[in-house]
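query_16.txt (compact mmCIF, C-alpha atoms)
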# COMPACT_ATOMS: atom_id res chain seq x y z
CA MET Z 849 61.13 98.66 52.52
CA PRO Z 850 64.90 98.85 52.72
CA SER Z 851 66.56 100.24 49.66
CA VAL Z 852 69.20 98.35 47.82
CA THR Z 853 72.27 100.37 47.03
CA ALA Z 854 75.31 99.45 45.04
CA VAL Z 855 78.49 100.89 46.43
CA ALA Z 856 81.33 101.00 43.99
CA GLN Z 857 84.53 100.29 45.84
CA SER Z 858 87.83 100.97 44.26
CA SER Z 859 90.60 98.46 44.88
CA SER Z 860 93.33 101.06 44.65
CA VAL Z 861 94.31 104.54 45.73
CA VAL Z 862 96.77 106.81 43.94
CA VAL Z 863 99.02 108.83 46.25
CA GLU Z 864 100.80 111.60 44.40
CA ILE Z 865 103.71 113.26 46.18
CA GLY Z 866 106.14 115.52 44.37
CA GLY Z 867 104.37 114.96 41.07
CA LEU Z 868 105.05 111.21 41.20
CA PRO Z 869 101.76 109.30 41.32
CA ILE Z 870 101.96 105.87 42.95
CA ARG Z 871 99.01 103.51 42.74
CA LEU Z 872 98.50 101.41 45.89
CA ARG Z 873 96.36 98.33 45.38
CA CYS Z 874 94.89 96.32 48.22
CA ASP Z 875 91.95 93.97 48.54
CA ASN Z 876 91.08 95.37 51.96
CA PRO Z 877 88.67 98.34 51.54
CA ALA Z 878 89.11 99.44 55.15
CA PHE Z 879 92.85 99.76 54.68
CA LEU Z 880 92.40 101.70 51.45
CA LEU Z 881 90.15 104.06 53.35
CA GLN Z 882 92.87 104.48 55.96
CA ILE Z 883 95.31 105.34 53.16
CA GLU Z 884 92.92 107.91 51.71
CA GLU Z 885 92.55 109.55 55.11
CA ARG Z 886 96.25 109.41 55.92
CA TYR Z 887 97.24 111.01 52.60
CA ALA Z 888 94.36 113.46 52.31
CA GLY Z 889 95.39 116.25 49.97
CA TYR Z 890 97.76 113.92 48.10
CA VAL Z 891 95.26 111.42 46.71
CA GLY Z 892 95.16 111.75 42.93
CA SER Z 893 93.32 110.33 39.97
CA SER Z 894 93.50 106.57 39.53
CA ASN Z 895 94.10 106.94 35.81
CA ASP Z 896 97.52 108.51 35.80
CA ALA Z 897 99.69 106.46 38.15
CA ALA Z 898 103.26 105.99 36.99
CA PHE Z 899 104.09 103.36 39.60
CA ASP Z 900 102.08 100.47 40.94
CA PHE Z 901 102.32 98.66 44.28
CA GLU Z 902 100.28 95.70 45.46
CA ILE Z 903 99.84 95.71 49.23
CA GLU Z 904 99.37 92.45 51.08
CA LEU Z 905 98.33 92.84 54.69
CA ALA Z 906 100.03 90.49 57.10
CA PRO Z 907 98.77 89.54 60.57
CA SER Z 908 99.92 91.96 63.28
CA GLY Z 909 101.64 89.06 65.06
CA SER Z 910 104.09 88.79 62.20
CA VAL Z 911 105.70 92.13 63.10
CA SER Z 912 109.16 92.12 64.65
CA ASN Z 913 110.78 94.91 66.62
CA ASP Z 914 113.63 95.29 64.16
CA GLU Z 915 113.86 99.04 63.54
CA ASP Z 916 116.74 98.89 61.08
CA VAL Z 917 115.77 99.63 57.51
CA ARG Z 918 117.60 97.60 54.89
CA VAL Z 919 117.44 98.63 51.26
CA THR Z 920 119.38 96.52 48.79
CA TRP Z 921 119.55 96.07 45.04
CA ASP Z 922 119.13 92.47 43.93
CA SER Z 923 118.44 90.96 40.51
CA GLY Z 924 116.88 94.09 39.06
CA ARG Z 925 114.78 94.92 42.10
CA TRP Z 926 115.05 97.13 45.11
CA LEU Z 927 114.36 95.14 48.29
CA MET Z 928 113.19 97.10 51.32
CA GLN Z 929 112.83 95.56 54.72
CA ARG Z 930 112.14 96.50 58.30
CA GLY Z 931 110.49 94.62 61.16
CA ASP Z 932 107.03 95.84 60.17
CA PHE Z 933 107.28 95.59 56.38
CA ARG Z 934 108.92 93.80 53.50
CA ALA Z 935 108.71 95.32 50.04
CA GLU Z 936 110.22 95.03 46.61
CA TRP Z 937 110.14 97.30 43.61
CA ASN Z 938 111.23 96.72 40.04
CA PRO Z 939 112.13 100.07 38.41
CA SER Z 940 112.00 98.68 34.88
CA THR Z 941 108.38 97.52 35.24
CA ALA Z 942 107.46 100.30 37.70
CA ARG Z 943 105.69 97.67 39.79
CA GLY Z 944 106.21 96.47 43.31
CA ARG Z 945 104.80 94.56 46.27
CA ILE Z 946 104.50 95.46 49.92
CA GLN Z 947 103.84 93.06 52.76
CA GLN Z 948 102.96 94.91 55.94
CA THR Z 949 100.51 95.08 58.81
CA SER Z 950 97.54 97.42 58.63
CA ASN Z 951 99.54 100.23 60.24
CA PRO Z 952 99.57 103.00 57.59
CA TYR Z 953 102.86 104.31 58.99
CA SER Z 954 104.61 101.22 57.64
CA LEU Z 955 103.43 102.33 54.21
CA ASP Z 956 104.73 105.80 55.04
CA SER Z 957 108.22 104.37 55.42
CA VAL Z 958 108.02 102.43 52.17
CA LEU Z 959 106.87 105.53 50.30
CA ARG Z 960 109.73 107.57 51.75
CA ILE Z 961 112.22 104.97 50.55
CA VAL Z 962 110.67 104.74 47.09
CA HIS Z 963 110.70 108.51 46.74
CA THR Z 964 114.37 108.73 47.76
CA LEU Z 965 115.16 106.21 45.01
CA LEU Z 966 113.05 108.03 42.43
CA LEU Z 967 114.35 111.47 43.36
CA ALA Z 968 117.98 110.33 43.22
CA ARG Z 969 117.60 109.71 39.49
CA GLU Z 970 116.69 113.33 38.87
CA GLY Z 971 119.05 115.03 41.32
CA GLY Z 972 116.56 115.52 44.14
CA PHE Z 973 116.35 114.10 47.64
CA LEU Z 974 114.36 113.95 50.84
CA LEU Z 975 115.79 116.02 53.66
CA HIS Z 976 115.29 116.01 57.41
CA ALA Z 977 113.91 119.53 57.37
CA SER Z 978 110.78 121.54 57.84
CA SER Z 979 109.92 123.80 54.96
CA ALA Z 980 107.57 126.61 54.14
CA ILE Z 981 106.72 128.94 51.29
CA ARG Z 982 106.77 132.65 51.91
CA ASN Z 983 106.44 135.34 49.26
CA GLY Z 984 106.54 132.68 46.57
CA ARG Z 985 109.85 131.21 47.69
CA ALA Z 986 110.60 128.11 49.72
CA PHE Z 987 112.80 128.02 52.82
CA LEU Z 988 114.20 124.82 54.32
CA PHE Z 989 115.06 124.42 58.02
CA SER Z 990 117.20 121.38 58.57
CA GLY Z 991 118.70 119.63 61.53
CA VAL Z 992 118.77 116.51 63.60
CA SER Z 993 116.00 115.60 65.98
CA GLY Z 994 115.61 118.39 68.54
CA ALA Z 995 117.32 121.03 66.38
CA GLY Z 996 114.09 122.97 65.93
CA LYS Z 997 112.42 121.79 62.71
CA THR Z 998 108.98 121.49 64.26
CA THR Z 999 109.56 124.63 66.33
CA MET Z 1000 110.20 126.66 63.17
CA ALA Z 1001 107.03 125.20 61.66
CA ARG Z 1002 104.99 126.06 64.74
CA LEU Z 1003 106.32 129.61 64.79
CA ALA Z 1004 105.59 130.24 61.10
CA PRO Z 1005 103.52 133.37 60.48
CA PRO Z 1006 100.08 133.19 58.83
CA ASP Z 1007 101.46 134.24 55.45
CA ALA Z 1008 103.76 131.19 55.31
CA ALA Z 1009 102.45 127.97 53.76
CA LEU Z 1010 103.83 124.97 55.63
CA LEU Z 1011 105.11 122.19 53.37
CA THR Z 1012 106.21 119.83 56.15
CA ASP Z 1013 107.58 119.96 59.69
CA GLU Z 1014 109.74 116.85 59.25
CA ILE Z 1015 110.68 115.61 55.76
CA SER Z 1016 111.25 118.11 52.98
CA TYR Z 1017 110.94 117.06 49.37
CA VAL Z 1018 113.58 118.64 47.15
CA THR Z 1019 113.36 118.39 43.37
CA TRP Z 1020 115.71 119.46 40.60
CA ARG Z 1021 113.47 120.05 37.62
CA ASP Z 1022 113.49 122.55 34.76
CA GLY Z 1023 116.85 123.86 35.86
CA ARG Z 1024 115.91 124.84 39.37
CA TYR Z 1025 115.52 123.44 42.85
CA SER Z 1026 112.04 123.42 44.34
CA ALA Z 1027 110.56 122.34 47.64
CA VAL Z 1028 107.34 120.39 47.43
CA GLY Z 1029 104.75 119.75 50.13
CA THR Z 1030 104.61 116.29 51.67
CA PRO Z 1031 102.23 114.34 53.87
CA PHE Z 1032 105.23 113.25 55.96
CA PHE Z 1033 104.91 114.98 59.31
CA GLY Z 1034 106.68 114.99 62.66
CA GLU Z 1035 105.60 116.25 66.07
CA LEU Z 1036 103.25 118.76 64.51
CA ALA Z 1037 101.10 115.86 63.24
CA ARG Z 1038 99.86 117.99 60.36
CA VAL Z 1039 100.02 117.11 56.68
CA GLY Z 1040 101.89 119.74 54.69
CA GLU Z 1041 100.19 121.83 52.04
CA ASN Z 1042 100.41 120.30 48.59
CA LEU Z 1043 102.26 123.24 47.05
CA GLN Z 1044 105.70 123.89 45.62
CA ALA Z 1045 108.04 126.82 45.13
CA PRO Z 1046 111.66 127.52 44.13
CA ILE Z 1047 114.07 127.12 47.04
CA GLU Z 1048 115.52 130.38 48.30
CA ALA Z 1049 117.83 129.01 51.01
CA LEU Z 1050 118.65 126.10 53.25
CA TYR Z 1051 119.05 126.94 56.92
CA LEU Z 1052 120.88 124.57 59.25
CA LEU Z 1053 119.27 125.07 62.64
CA ALA Z 1054 120.87 125.80 65.99
CA LYS Z 1055 119.11 127.12 69.08
CA GLY Z 1056 120.79 130.05 70.78
CA SER Z 1057 120.33 133.22 72.78
CA GLU Z 1058 119.87 135.48 69.78
CA ASN Z 1059 118.63 135.29 66.21
CA LYS Z 1060 121.40 135.36 63.64
CA ILE Z 1061 122.23 134.05 60.21
CA GLU Z 1062 125.72 133.07 59.07
CA PRO Z 1063 126.74 131.74 55.66
CA ILE Z 1064 128.10 128.21 55.41
CA VAL Z 1065 130.19 127.37 52.36
CA GLY Z 1066 132.26 124.63 50.78
CA ALA Z 1067 132.82 121.36 52.57
CA ASP Z 1068 131.00 122.56 55.69
CA ALA Z 1069 127.86 123.20 53.65
CA VAL Z 1070 128.08 119.83 51.93
CA ARG Z 1071 128.67 118.10 55.26
CA GLY Z 1072 125.72 119.90 56.84
CA LEU Z 1073 123.45 118.97 53.95
CA LEU Z 1074 124.56 115.36 53.58
CA GLY Z 1075 124.15 114.79 57.29
CA ASN Z 1076 120.44 115.46 56.92
CA ILE Z 1077 119.59 113.76 53.62
CA LEU Z 1078 117.54 110.61 54.04
CA PHE Z 1079 119.79 107.74 53.12
CA PHE Z 1080 118.49 104.23 52.91
CA ALA Z 1081 120.27 102.35 50.15
CA ARG Z 1082 123.83 101.30 50.95
CA ASP Z 1083 124.54 101.00 47.28
CA PRO Z 1084 127.59 102.54 45.56
CA GLU Z 1085 125.72 103.97 42.58
CA PHE Z 1086 122.91 105.35 44.71
CA VAL Z 1087 125.40 106.90 47.13
CA LYS Z 1088 127.21 108.55 44.22
CA LEU Z 1089 123.96 109.99 42.89
CA VAL Z 1090 123.02 111.48 46.25
CA PHE Z 1091 126.55 112.72 46.88
CA ASP Z 1092 126.63 114.49 43.51
CA SER Z 1093 123.16 115.93 44.15
CA ALA Z 1094 124.32 117.37 47.47
CA LEU Z 1095 127.35 119.04 45.89
CA TYR Z 1096 125.26 120.43 43.06
CA PHE Z 1097 122.64 121.74 45.49
CA VAL Z 1098 125.30 123.56 47.53
CA LYS Z 1099 126.60 125.19 44.34
CA HIS Z 1100 123.17 126.59 43.52
CA ILE Z 1101 121.41 127.25 46.82
CA PRO Z 1102 122.75 129.35 49.72
CA VAL Z 1103 123.33 127.32 52.87
CA ARG Z 1104 123.22 129.27 56.12
CA ARG Z 1105 123.42 128.62 59.83
CA LEU Z 1106 120.27 129.91 61.53
CA THR Z 1107 120.77 130.35 65.24
CA PHE Z 1108 117.49 131.26 66.80
CA VAL Z 1109 115.55 132.01 69.91
CA PRO Z 1110 112.40 129.90 69.82
CA ASP Z 1111 109.86 132.68 69.42
CA THR Z 1112 108.15 134.28 66.44
CA SER Z 1113 110.88 136.93 66.04
CA VAL Z 1114 113.04 134.45 64.14
CA TRP Z 1115 110.68 134.65 61.17
CA GLU Z 1116 111.52 138.34 60.78
CA LEU Z 1117 114.79 137.10 59.28
CA ILE Z 1118 113.10 134.70 56.86
CA VAL Z 1119 112.06 136.94 53.99
CA MET U 138 163.70 93.29 49.05
CA ASN U 139 160.84 95.54 47.89
CA ASN U 140 158.84 96.94 50.82
CA SER U 141 156.69 99.22 48.69
CA ARG U 142 153.01 99.53 49.43
CA TYR U 143 150.38 100.32 46.84
CA VAL U 144 147.17 102.24 47.29
CA ALA U 145 144.04 102.49 45.14
CA ARG U 146 140.77 104.29 45.58
CA SER U 147 137.87 101.96 46.31
CA THR U 148 135.07 101.84 43.72
CA ALA U 149 132.51 101.70 46.56
CA ILE U 150 132.85 105.40 47.26
CA ALA U 151 131.84 108.76 45.88
CA ALA U 152 134.50 111.47 45.84
CA ARG U 153 134.69 115.05 44.66
CA ALA U 154 137.30 117.78 44.98
CA LEU U 155 136.03 120.91 46.64
CA GLY U 156 138.67 123.62 46.52
CA ASP U 157 141.84 122.16 48.04
CA GLU U 158 139.89 119.53 49.91
CA THR U 159 138.39 116.26 48.76
CA MET U 160 135.14 114.91 50.11
CA VAL U 161 134.79 111.16 50.09
CA MET U 162 131.68 109.22 51.01
CA SER U 163 131.69 105.53 51.77
CA ALA U 164 128.90 103.65 50.02
CA ALA U 165 128.95 100.96 52.67
CA SER U 166 128.45 103.19 55.68
CA SER U 167 127.52 106.58 54.17
CA THR U 168 130.33 107.98 56.31
CA LEU U 169 131.73 111.23 54.96
CA PHE U 170 135.46 111.98 55.01
CA THR U 171 137.08 115.30 54.27
CA LEU U 172 140.67 115.08 53.06
CA ASP U 173 142.86 118.12 53.48
CA GLU U 174 145.14 119.44 50.76
CA VAL U 175 148.02 117.02 51.34
CA ALA U 176 145.76 114.02 51.84
CA SER U 177 143.98 115.00 48.64
CA VAL U 178 147.27 114.80 46.73
CA ILE U 179 147.80 111.23 47.96
CA TRP U 180 144.19 110.37 47.17
CA GLU U 181 144.51 111.64 43.61
CA ALA U 182 147.76 109.74 43.09
CA ALA U 183 146.40 106.47 44.52
CA ASP U 184 146.23 104.64 41.20
CA GLY U 185 147.10 101.19 42.51
CA VAL U 186 150.36 100.95 40.58
CA THR U 187 152.47 103.81 41.94
CA PRO U 188 154.18 102.84 45.20
CA LEU U 189 153.23 104.97 48.18
CA ASP U 190 156.83 105.96 48.88
CA GLU U 191 157.11 107.19 45.28
CA ILE U 192 153.91 109.21 45.65
CA VAL U 193 155.26 110.77 48.82
CA ALA U 194 158.62 111.57 47.25
CA ASN U 195 157.28 112.96 43.98
CA LYS U 196 154.00 114.54 45.00
CA ILE U 197 154.42 115.51 48.64
CA CYS U 198 158.10 116.18 49.34
CA ALA U 199 158.49 117.90 45.96
CA GLN U 200 155.69 120.34 46.76
CA TYR U 201 155.75 120.77 50.51
CA ASP U 202 158.50 121.59 52.95
CA ILE U 203 158.47 118.36 54.91
CA ALA U 204 161.11 115.78 55.79
CA PRO U 205 160.74 112.61 53.67
CA GLU U 206 160.65 110.24 56.64
CA VAL U 207 158.00 112.34 58.38
CA ALA U 208 155.94 112.61 55.20
CA LEU U 209 156.07 108.86 54.59
CA LYS U 210 155.13 108.08 58.18
CA ASP U 211 152.16 110.47 58.00
CA ALA U 212 151.12 109.09 54.61
CA GLU U 213 151.21 105.52 55.90
CA ALA U 214 149.07 106.47 58.89
CA LEU U 215 146.61 108.19 56.56
CA VAL U 216 146.25 105.33 54.07
CA GLU U 217 145.94 102.76 56.85
CA ASN U 218 143.17 104.80 58.41
CA LEU U 219 141.33 105.17 55.09
CA ALA U 220 141.85 101.48 54.34
CA GLU U 221 140.26 100.58 57.67
CA HIS U 222 137.16 102.48 56.54
CA GLY U 223 137.16 100.69 53.21
CA ILE U 224 137.52 103.74 51.03
CA LEU U 225 141.12 103.01 50.05
CA LEU U 226 142.67 99.68 49.11
CA LEU U 227 146.13 98.94 50.48
CA SER U 228 148.43 96.15 49.31
CA ASP U 229 152.03 95.02 49.12
CA GLN U 230 151.41 94.28 45.43
CA PRO U 231 150.19 96.56 42.63
CA LEU U 232 146.41 96.71 42.57
CA ALA U 233 144.22 96.25 39.51
CA ARG U 234 141.07 98.34 39.73
CA SER U 235 137.67 97.06 38.68
CA SER U 236 134.72 99.11 37.56
CA SER U 237 131.13 98.57 38.66
CA SER U 238 128.29 98.15 36.17
CA ARG U 239 125.72 100.84 35.55
CA ARG U 240 122.01 100.36 35.88
CA GLU U 241 118.82 102.34 36.04
CA SER U 242 117.64 102.90 39.60

Once more with this new file: its structure as structure tokens, please.
Amino acid sequence: MPSVTAVAQSSSVVVEIGGLPIRLRCDNPAFLLQIEERYAGYVGSSNDAAFDFEIELAPSGSVSNDEDVRVTWDSGRWLMQRGDFRAEWNPSTARGRIQQTSNPYSLDSVLRIVHTLLLAREGGFLLHASSAIRNGRAFLFSGVSGAGKTTMARLAPPDAALLTDEISYVTWRDGRYSAVGTPFFGELARVGENLQAPIEALYLLAKGSENKIEPIVGADAVRGLLGNILFFARDPEFVKLVFDSALYFVKHIPVRRLTFVPDTSVWELIV
Amino acid sequence: MNNSRYVARSTAIAARALGDETMVMSAASSTLFTLDEVASVIWEAADGVTPLDEIVANKICAQYDIAPEVALKDAEALVENLAEHGILLLSDQPLARSSSSRRES
């Protein structure tokens, strides 16, 4: 005789990155399962979400090839749009809506945007950088595509905990900068460890014929940092927040040029 | 006939002095500009009501060893360039500056 079982299915998943829990609601259990798998290690308790998004899945045929992200502020809401998603978020109610296809990477993009907006309020930002914790301190390795972010992550020694090979999460809390693990990955296709540590240094990457570290100061440091901060909102107040955050970061954290040969020897300098 | 030109800093920018330089970021394009020492003096003096030639005479020629006509020509080229990028407003009339409203993001 077949048994009858009752399976309790939750209609939401809480994804907590950088200590900011975001509840994602959807009436499609299969998609929620995809979210749980995609953000494994970052799925939190459903009772403590600070932000709430309702996801509406659209037919795959409704996707356009428009790759430009547009983030605008309109009537008390942030509007986020790309070919594969359309989302809005009201900061005062902490609620939002996302229309997207069932591709979880569309959600990835929305979460990145939301986190840039949230972090900007507290002096943090997302950075095109790999990052790792070694000896209790975090090191950031930043650069454009091809600069070596994933290479540095691949070459990391066993005693280094990898936070991300693509998008680093920088917070300014309790009077110090910290790097936090993220599920946002690049070529390495590996979710970062959900850990955090105070930032020791930011390295701007350059491949070369020898390993060497040179200090970068003043405007050059700010330029190097700002060139790698994730920027979505073309909004004067948001730009000012991020700009001020970059200047403040450079005042507190050493910025260095790391020229490196792509082998494990480079990590001998990262201590 | 008054041929004076007036310059004012756009409100759609973020700007901070860093040593002798000034870093300016356009909110519209996120483009970053670095102004050198002399350009920073003009930037600071760009209040919308002081004519550019007066800024050059009082702030540039008074401090730096440069011929007035050369300084004015360089200053005009600079402000036109910055105006093209939308980070400086340029007019034949004095400019009133508006402030943007604050909000929680």

### Query
What is the distance, in Å and to one decimal place, between atom CA of U:Val186 and atom CA of Z:Leu1089?
28.0 Å

### Query
Nearest to chain Z among U:Gly156, U:Ile192, U:Asn140, U:Gly185, with distances taken over all atoms listed in the file: which residue is it?
U:Gly156

### Message
Residues within 9 Å of Z:Met1000, please, as a list of chain:residue names. Count only C-alpha atoms; anything in the same chain fewer than 5 positions from it doesn't count.
### Response
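Listing them by chain and then by number gives Z:Ser978, Z:Ser979, Z:Phe989, Z:Asp1013, Z:Pro1110, Z:Asp1111, Z:Thr1112, Z:Val1114, Z:Trp1115.
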
### Of the listed residues Z:Val962, Z:Ala1008, Z:Ile903, Z:Val1119, that which approaches chain U most closely, counting all atoms listed in the file
Z:Val962

### Task
Check every residue of chain Z for an atom within 12 Å of chain U, counting all atoms listed in the file, and provide those that qualify as a PyMOL selection string.
chain Z and resi 919-926+937-942+962-970+1065-1096+1098-1099

Those same residues, written as a short mmCIF file (atom, residue, chain, number, x, y, z; two decimals), keeping the file's coordinate frame with C-alpha atoms?
data_model
loop_
_atom_site.label_atom_id
_atom_site.label_comp_id
_atom_site.auth_asym_id
_atom_site.auth_seq_id
_atom_site.Cartn_x
_atom_site.Cartn_y
_atom_site.Cartn_z
CA VAL Z 919 117.44 98.63 51.26
CA THR Z 920 119.38 96.52 48.79
CA TRP Z 921 119.55 96.07 45.04
CA ASP Z 922 119.13 92.47 43.93
CA SER Z 923 118.44 90.96 40.51
CA GLY Z 924 116.88 94.09 39.06
CA ARG Z 925 114.78 94.92 42.10
CA TRP Z 926 115.05 97.13 45.11
CA TRP Z 937 110.14 97.30 43.61
CA ASN Z 938 111.23 96.72 40.04
CA PRO Z 939 112.13 100.07 38.41
CA SER Z 940 112.00 98.68 34.88
CA THR Z 941 108.38 97.52 35.24
CA ALA Z 942 107.46 100.30 37.70
CA VAL Z 962 110.67 104.74 47.09
CA HIS Z 963 110.70 108.51 46.74
CA THR Z 964 114.37 108.73 47.76
CA LEU Z 965 115.16 106.21 45.01
CA LEU Z 966 113.05 108.03 42.43
CA LEU Z 967 114.35 111.47 43.36
CA ALA Z 968 117.98 110.33 43.22
CA ARG Z 969 117.60 109.71 39.49
CA GLU Z 970 116.69 113.33 38.87
CA VAL Z 1065 130.19 127.37 52.36
CA GLY Z 1066 132.26 124.63 50.78
CA ALA Z 1067 132.82 121.36 52.57
CA ASP Z 1068 131.00 122.56 55.69
CA ALA Z 1069 127.86 123.20 53.65
CA VAL Z 1070 128.08 119.83 51.93
CA ARG Z 1071 128.67 118.10 55.26
CA GLY Z 1072 125.72 119.90 56.84
CA LEU Z 1073 123.45 118.97 53.95
CA LEU Z 1074 124.56 115.36 53.58
CA GLY Z 1075 124.15 114.79 57.29
CA ASN Z 1076 120.44 115.46 56.92
CA ILE Z 1077 119.59 113.76 53.62
CA LEU Z 1078 117.54 110.61 54.04
CA PHE Z 1079 119.79 107.74 53.12
CA PHE Z 1080 118.49 104.23 52.91
CA ALA Z 1081 120.27 102.35 50.15
CA ARG Z 1082 123.83 101.30 50.95
CA ASP Z 1083 124.54 101.00 47.28
CA PRO Z 1084 127.59 102.54 45.56
CA GLU Z 1085 125.72 103.97 42.58
CA PHE Z 1086 122.91 105.35 44.71
CA VAL Z 1087 125.40 106.90 47.13
CA LYS Z 1088 127.21 108.55 44.22
CA LEU Z 1089 123.96 109.99 42.89
CA VAL Z 1090 123.02 111.48 46.25
CA PHE Z 1091 126.55 112.72 46.88
CA ASP Z 1092 126.63 114.49 43.51
CA SER Z 1093 123.16 115.93 44.15
CA ALA Z 1094 124.32 117.37 47.47
CA LEU Z 1095 127.35 119.04 45.89
CA TYR Z 1096 125.26 120.43 43.06
CA VAL Z 1098 125.30 123.56 47.53
CA LYS Z 1099 126.60 125.19 44.34
#

### Query
Can you tell me, as a PyMOL selection string, what residues are no more than 12 Å from Z:Lys997 when counting all atoms listed in the file, ignoring any on the same chain fewer than 5 positions away?
chain Z and resi 975-980+987-992+1002-1004+1010-1016+1033-1036+1051-1055+1076+1106+1108+1110

### Among the residues U:Ser228, U:Asp157, U:Ser141, U:Glu174, the one that comes closest to U:Glu191 [using only C-alpha atoms]
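Ranking U:Ser228, U:Asp157, U:Ser141, U:Glu174 by distance to U:Glu191, first place goes to U:Ser141.
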